[in-house]
Amino acid sequence: MTSMEFGNDTSAALDLAGQRALVTGGAGGIGAAVARRLAGLGAHVVVADIADAAGEAMAAEIGGEYHHLDVSDPDAWARLADSLAGLDIAFLNAGVSTRIDGDPDASDAPMGEVTERAYRRIMGANVDGVVYGARAVLPEMIARGRGQIVITASMAGLSAIPLDSIYGLTKHAVVGFTKSLGATYGPLGVCTSAICPGFADTNIISADLMDLLRSIDVPVMSPERVADAVVVALAAAQPGSLWALWGDRPITRYIPNAVYDDLEDFV
Ligand SMILES: NC(=O)c1ccc[n+]([C@@H]2O[C@H](COP(=O)([O-])OP(=O)(O)OC[C@H]3O[C@@H](n4cnc5c(N)ncnc54)[C@H](O)[C@@H]3O)[C@@H](O)[C@H]2O)c1
């Protein structure tokens with residue numbers, strides 16, 4: 001692995017006045033922190049989620065707008081087309097883990113015990129939801145020759161994540177998607193990048209997992225810290241870039257080695 005440290009200072013922040021930003025999964029956790037941050041920087045934020053009450057409250061708090069959107073449903077994306085017009089920023093963030101506390105159909109058990117429903121649920125949100133989101137917003141951004149897509153991947157997209165291999169699969173998938181969209185549409189003025197956080201204190205972390213993390217001193221970041229990484233990614237505007245963050249360590253650009261030197265441009 002080689003990497004480039006970008007630094008923690010997001011105080012020289014972006015001016016997003018007049019810009020329109022979509023945040024999927026914006027009702028809670030990382031999405032809510034990013035919605036607040038983008039609104040604070042001047043953007044009009046379109047909050048999209050399946051948690052309607054929390055999403056509506058978030059939109060009201062930041063003077064944005066809320067839309068019900070199940071990111072795994074292609075028809076729902078089509079129905080939202082009018083509200084997605086004129087986007088400058090799309091933060092494709094909604095996601096789940098394979099494990100769903102209290103849901104007998106979900107499992108973080110051995111692979112042989114993962115149900116079809118649990119598998120389809122995570123692939124729908126974490127992979128389909130990102131593909132449908134990119135498909136919905138890219139044509140207009142390309143036509144205008146500008147725009148940014150930031151995808152919430154994970155450290156689980158750069159390295160192994162014990163206990164939830166399917167989660168690791170989905171995050172590696174969106175890392176590859178980010179790099180490829182960056183290479184394809186970066187030259188046309190549309191920047192796609194991804195953030196790759198370690199553990200953050202949100203509802204995706206079950207109480208049991210949180211206890212375990214704390215007992216073995218694994219750092220757990222605030223969602224606001226993850227929002228810093230989104231600001232860094234937007235400010236850097238490097239197509240295909242991946243921004244790692246872990247605990248209080250600096251937000252760092254992850255740059256994979258080329259397998260062959262002469263193919264460097266394609267990684
Ligand atoms: N918290 C962490 O430790 C961590 C670390 C790395 C990456 N991530 C990623 O961050 C993203 C946000 O998760 P979070 O940690 O804020 O968890 P969270 O559970 O607090 O928030 C997820 C949000 O996504 C929404 N959502 C779930 N399925 C959806 C769907 N099908 N359509 C629309 N909205 C949906 C939920 O209602 C919720 O508001 C996810 O992609 C997750 O994989 C989280």
# chains A, B, ... in the order shown; residues from 1 in each chain; ligands from 1

$ residues_near_ligand --ligand "ligand 1" --cutoff "6 Å" --atoms "only C-alpha atoms and all ligand atoms" --output "PyMOL selection string"
chain A and resi 24-31+49-51+69-72+93-96+125+152-154+197-204

$ residues_around --residues "A:Tyr119" --least-positions-apart "2" --cutoff "12 Å" --atoms "only C-alpha atoms" --output "NGL selection string"
:A and (96-100 or 105-108 or 111-117 or 121-127 or 164-167 or 169-170)

$ residues_around --residues "A:Ala33" --least-positions-apart "4" --cutoff "9 Å" --atoms "only C-alpha atoms" --output "PyMOL selection string"
chain A and resi 26+28-29+37-38+223-227

$ atom_distance --atom1 "atom CA of A:Met141" --atom2 "atom CA of A:Ser193"
14.7 Å

$ closest_residue --among "A:Gly168, A:Pro239, A:Gly40, A:Pro110" --to "A:Gln148" --atoms "only C-alpha atoms"
A:Pro239

$ residues_around --residues "stretch 56-65 of chain A" --least-positions-apart "3" --cutoff "8 Å" --atoms "only C-alpha atoms" --output "list of chain:residue names"
A:Gly26, A:Ala27, A:Ala32, A:Ala35, A:Arg36, A:Ala39, A:Gly40, A:His44, A:Val45, A:Val46, A:Val47, A:Asp52, A:Ala53

$ write_last_selection --atoms "C-alpha atoms" --output "PDB file, in the first residue's frame"
ATOM      1  CA  GLY A  26     -29.416  11.270   5.321  1.00  0.00           C
ATOM      2  CA  ALA A  27     -31.860  10.606   8.147  1.00  0.00           C
ATOM      3  CA  ALA A  32     -27.133  13.189   8.904  1.00  0.00           C
ATOM      4  CA  ALA A  35     -26.267  16.717   5.513  1.00  0.00           C
ATOM      5  CA  ARG A  36     -25.685  19.164   8.377  1.00  0.00           C
ATOM      6  CA  ALA A  39     -26.004  22.737   4.630  1.00  0.00           C
ATOM      7  CA  GLY A  40     -23.632  24.590   6.942  1.00  0.00           C
ATOM      8  CA  HIS A  44     -29.440  23.171  -0.350  1.00  0.00           C
ATOM      9  CA  VAL A  45     -29.611  19.549   0.777  1.00  0.00           C
ATOM     10  CA  VAL A  46     -31.996  16.917  -0.536  1.00  0.00           C
ATOM     11  CA  VAL A  47     -32.249  14.284   2.198  1.00  0.00           C
ATOM     12  CA  ASP A  52     -39.322   9.158   6.978  1.00  0.00           C
ATOM     13  CA  ALA A  53     -39.833  10.775  10.381  1.00  0.00           C
TER      14      ALA A  53
END

$ atom_distance --atom1 "atom CA of A:Leu212" --atom2 "atom CA of A:Leu158"
21.7 Å

$ residues_around --residues "A:Ala81" --least-positions-apart "3" --cutoff "12 Å" --atoms "only C-alpha atoms" --output "list in words"
Leu22, His67, Leu69, Pro74, Asp75, Ala76, Trp77, Ala78, Leu84, Ala85, Gly86, Leu87, Tyr132, Gly133, Arg135, Ala136, Val137, Leu138, Pro139 and Glu140 of chain A

$ select_by_dssp --residues "stretch 135-231 of chain A" --states "helix (DSSP H, G or I)" --output "PyMOL selection string"
chain A and resi 135-144+155-157+165-188+207-215+223-231

$ select_by_dssp --residues "stretch 92-235 of chain A" --states "strand (DSSP E)" --output "mmCIF file with N, CA and C atoms, in the first residue's frame"
data_model
loop_
_atom_site.group_PDB
_atom_site.id
_atom_site.type_symbol
_atom_site.label_atom_id
_atom_site.label_comp_id
_atom_site.auth_asym_id
_atom_site.auth_seq_id
_atom_site.Cartn_x
_atom_site.Cartn_y
_atom_site.Cartn_z
ATOM 1 N N LEU A 92 -23.693 9.389 -2.074
ATOM 2 C CA LEU A 92 -24.370 8.089 -2.121
ATOM 3 C C LEU A 92 -23.878 7.271 -0.926
ATOM 4 N N GLY A 147 -19.751 18.406 -11.580
ATOM 5 C CA GLY A 147 -20.523 17.714 -10.544
ATOM 6 C C GLY A 147 -19.621 16.754 -9.799
ATOM 7 N N GLN A 148 -20.047 16.422 -8.597
ATOM 8 C CA GLN A 148 -19.262 15.482 -7.795
ATOM 9 C C GLN A 148 -20.166 14.415 -7.184
ATOM 10 N N ILE A 149 -19.708 13.185 -7.285
ATOM 11 C CA ILE A 149 -20.343 12.063 -6.589
ATOM 12 C C ILE A 149 -19.349 11.588 -5.532
ATOM 13 N N VAL A 150 -19.806 11.501 -4.289
ATOM 14 C CA VAL A 150 -18.985 10.917 -3.228
ATOM 15 C C VAL A 150 -19.739 9.697 -2.697
ATOM 16 N N ILE A 151 -19.059 8.586 -2.661
ATOM 17 C CA ILE A 151 -19.664 7.315 -2.253
ATOM 18 C C ILE A 151 -19.127 6.927 -0.872
ATOM 19 N N THR A 152 -20.004 6.458 0.000
ATOM 20 C CA THR A 152 -19.522 5.934 1.283
ATOM 21 C C THR A 152 -19.136 4.478 1.098
ATOM 22 N N VAL A 190 -16.750 15.370 -14.313
ATOM 23 C CA VAL A 190 -17.519 14.844 -13.180
ATOM 24 C C VAL A 190 -16.594 13.989 -12.308
ATOM 25 N N CYS A 191 -16.446 14.395 -11.074
ATOM 26 C CA CYS A 191 -15.524 13.735 -10.148
ATOM 27 C C CYS A 191 -16.274 12.730 -9.274
ATOM 28 N N THR A 192 -15.833 11.487 -9.303
ATOM 29 C CA THR A 192 -16.361 10.489 -8.373
ATOM 30 C C THR A 192 -15.243 10.080 -7.422
ATOM 31 N N SER A 193 -15.535 10.139 -6.131
ATOM 32 C CA SER A 193 -14.550 9.721 -5.129
ATOM 33 C C SER A 193 -15.292 8.939 -4.043
ATOM 34 N N ALA A 194 -14.545 8.360 -3.136
ATOM 35 C CA ALA A 194 -15.178 7.591 -2.052
ATOM 36 C C ALA A 194 -14.450 7.847 -0.745
ATOM 37 N N ILE A 195 -15.236 7.780 0.323
ATOM 38 C CA ILE A 195 -14.627 7.811 1.651
ATOM 39 C C ILE A 195 -14.616 6.378 2.201
ATOM 40 N N CYS A 196 -13.582 6.073 2.964
ATOM 41 C CA CYS A 196 -13.394 4.719 3.481
ATOM 42 C C CYS A 196 -13.161 4.785 4.990
ATOM 43 N N PRO A 197 -14.247 5.014 5.745
ATOM 44 C CA PRO A 197 -14.069 5.154 7.197
ATOM 45 C C PRO A 197 -13.866 3.820 7.893
#

$ atom_distance --atom1 "atom CA of A:Ala48" --atom2 "atom CA of A:Pro219"
28.8 Å
